[in-house]
Amino acid sequence: MQDLNKLWKIFNEKFTDTGLVKGAFSAPGRVNLIGEHTDYNEGFVLPIAIRKKIIMLGQLRNDRLVQVFDLVYKTKIKFSLDALTPLKKDTWVNYLMGVVDEIQKAGYPLQGANLIFTSNIPQRVGLSSSAALEVVTALTMAKLNLLEIKPVEMAHLCRRAENNFVGVACGIMDQYVSCLGQKNYALFIDCRSNDYDLIPFKDHNYQIVICNSKVQRGLVNSEYNIRREECKMATEFFKHKLNREIRALRDITIDEYKKYQAQLPEVTARRARHVISENYRVQTGVQALRMGNYSAFGQLMIESHQSLKDDYEVSCIELDLLVNLALKQEGVLGARMTGAGFGGCTVNLIEKNYLDAFKKKIKNEYKKITGIIPDIYLTPPAEGAKVLELR
Ligand code: GLA
């Protein structure tokens with residue numbers, strides 16, 4: 001990634017100095033260790049922020065204009081804070097527009113800004129490059145305008161931007177961990193209360209490894225919405241069966257599920273089983289990590305993948321292949337698909353001594369079968385969004 005001096009040089013070539021506040025900010029992508037498709041069921045998730053991130057440089061303007069130069073696609077776009085409607089072309093701008101829209105709707109006054117940004121987060125492979133773009137925009141605009149927006153509020157605001165402006169009905173996980181992630185900790189989030197706990201993840205013997213299948217599926221959005229509907233149907237069913245307040249699948253125990261599953265339509269029953277058992281796996285996984293039991297955690301990752309593949313049906317051939325190949329290698333404690341699914345990445349937990357052999361084997365074997373060379377990234381839990389400089 002380019003260093004800040006180089007980025008400021010580009011910034012100064014693109015824009016004339018307004019003499020107002022300026023600064024540099026960053027926000028990371030994420031990988032979810034366990035707890036998939038549970039956030040919108042008010043359940044539990046355990047993501048980490050990754051080393052890959054977006055860096056944004058900005059300077060405040062004295063008017064209502066936002067000008068932004070994207071160093072990835074090399075496009076420059078401008079829009080007014082008073083005319084925010086989603087674009088059909090250059091749709092990446094919608095993440096920025098959505099965020100400033102939500103900041104203003106929350107009652108914070110904004111002035112315009114000149115912005116540039118660069119990213120090394122691969123896009124559309126389930127590592128939350130869009131959440132990172134939302135979060136870095138929110139942080140940049142807040143700091144340049146001297147607003148104090150707390151990280152949790154920022155995460156919610158960014159999620160609303162994605163829901164309302166971009167039109168993707170995502171849960172809170174991605175924005176939350178991009179705002180609040182911390183070095184050497186996984187973030188255990190209760191997606192009902194929005195409370196979180198930092199879970200130490202710093203064993204020098206183990207490494208989190210991401211394998212990018214390089215397969216993107218167009219189905220993600222539509223299938224994601226279908227899964228949400230199926231979960232709602234299952235929730236409605238349990239509301240009628242159980243004599244207490246049920247707000248989401250989070251409220252159903254495994255025993256209750258077992259008692260009534262036969263009365264549910266077969267597909268709905270499997271969707272519910274995934275969510276209910278996954279919530280259980282996250283909580284058990286957190287305990288395992290707290291006790292330093294990495295092999296128990298790895299086992300839960302393996303079960304999570306099975307459940308996502310068979311019950312929730314959001315995996316695909318390439319992800320299953322990456323998981324199967326990984327589980328055949330020495331030193332691999334766990335492997336599963338991560339993110340929304342239908343392509344994208346797997347997350348693996350590996351003993352450090354076996355890393356080189358793992359990388360070589362996975363690259364060769366995956367290429368032999370699919371013709372694609374997968375990308376492999378190593379990442380410890382990294383820190384969340386932050387101010388790099390403000391002057
Ligand atoms: C996407 C969404 C998240 C979450 C995951 C699945 O990444 O943005 O909110 O629902 O899918 O766990």
# chains A, B, ... in the order shown; residues from 1 in each chain; ligands from 1
>>> residues_near_ligand(ligand="ligand 1", cutoff="7 Å", atoms="only C-alpha atoms and all ligand atoms", output="count of residues only")
15
>>> residues_around(residues="Asp320 in chain A", least_positions_apart="6", cutoff="12 Å", atoms="only C-alpha atoms", output="JSON, numbers by chain")
{"A": [211, 213, 302, 305, 306, 307, 308, 309, 310, 313, 314, 326, 327, 335, 336, 337, 338, 341, 342, 343, 344, 345, 346, 347, 366]}
>>> residues_around(residues="Asp70 in chain A", least_positions_apart="5", cutoff="6 Å", atoms="only C-alpha atoms", output="list in words")
Thr75, Ile116 and Phe117 of chain A
>>> residues_around(residues="range 107-110 of chain A", least_positions_apart="3", cutoff="9 Å", atoms="only C-alpha atoms", output="list in words")
Arg64, Leu81, Val100, Glu102, Ile103, Gln104, Met141, Ala142, Asn145 and Leu147 of chain A
>>> closest_residue(among="A:Ala234, A:Ala385, A:Ile372, A:Leu378", to="Ala132 in chain A", atoms="only C-alpha atoms")
A:Ala385
>>> select_by_dssp(residues="range 49-224 of chain A", states="alpha helix (DSSP H)", output="ChimeraX atom specification")
/A:93-105,129-144,151-160,173-180,220-224
>>> atom_distance(atom1="CA of Tyr206 in chain A", atom2="CA of Pro122 in chain A")
23.8 Å
>>> closest_atom_pairs(of="range 206-262 of chain A", to="range 43-61 of chain A", cutoff="10 Å", atoms="only C-alpha atoms", output="Markdown table")
| residue | atom | partner | partner_atom | distance |
| --- | --- | --- | --- | --- |
| A:Ile208 | CA | A:Ile50 | CA | 9.9 |
| A:Ile210 | CA | A:Ile50 | CA | 9.9 |
| A:Ala248 | CA | A:Gly43 | CA | 8.4 |
| A:Leu249 | CA | A:Gly43 | CA | 7.8 |
| A:Arg250 | CA | A:Gly43 | CA | 5.2 |
| A:Asp251 | CA | A:Gly43 | CA | 8.7 |
>>> atom_distance(atom1="CA of Arg124 in chain A", atom2="CA of Glu229 in chain A")
22.9 Å
>>> atom_distance(atom1="CA of Lys6 in chain A", atom2="CA of Ser129 in chain A")
22.3 Å
>>> closest_residue(among="A:Leu300, A:Asn120, A:Pro200, A:Gln329", to="Leu71 in chain A", atoms="only C-alpha atoms")
A:Asn120
>>> closest_residue(among="A:Asn114, A:Phe25, A:Thr18, A:Lys105", to="Leu133 in chain A", atoms="only C-alpha atoms")
A:Phe25
>>> closest_residue(among="A:Leu198, A:Leu144, A:Ile252, A:Leu355", to="Ala24 in chain A", atoms="only C-alpha atoms")
A:Leu144
>>> closest_residue(among="A:Lys259, A:Cys191, A:Asn184, A:Glu389", to="Trp8 in chain A", atoms="only C-alpha atoms")
A:Glu389
>>> residues_around(residues="range 262-268 of chain A", least_positions_apart="5", cutoff="8 Å", atoms="only C-alpha atoms", output="ChimeraX atom specification")
/A:230-231,233-234,237,311
>>> closest_residue(among="A:Asn41, A:Asn221, A:Ser304, A:Gln182", to="Lys202 in chain A", atoms="only C-alpha atoms")
A:Gln182
>>> select_by_dssp(residues="range 138-333 of chain A", states="strand (DSSP E or B)", output="PyMOL selection string")
chain A and resi 182+185-190+196-200+206-212+332-333
>>> residues_around(residues="Gln207 in chain A", least_positions_apart="2", cutoff="10 Å", atoms="only C-alpha atoms", output="list in words")
Phe201, Lys202, Asp203, His204, Asn205, Val209, Ile210, Val332, Asn348, Leu349, Ile350, Glu351, Lys352, Asn353, Tyr354, Leu355, Leu378, Thr379, Pro380 and Pro381 of chain A
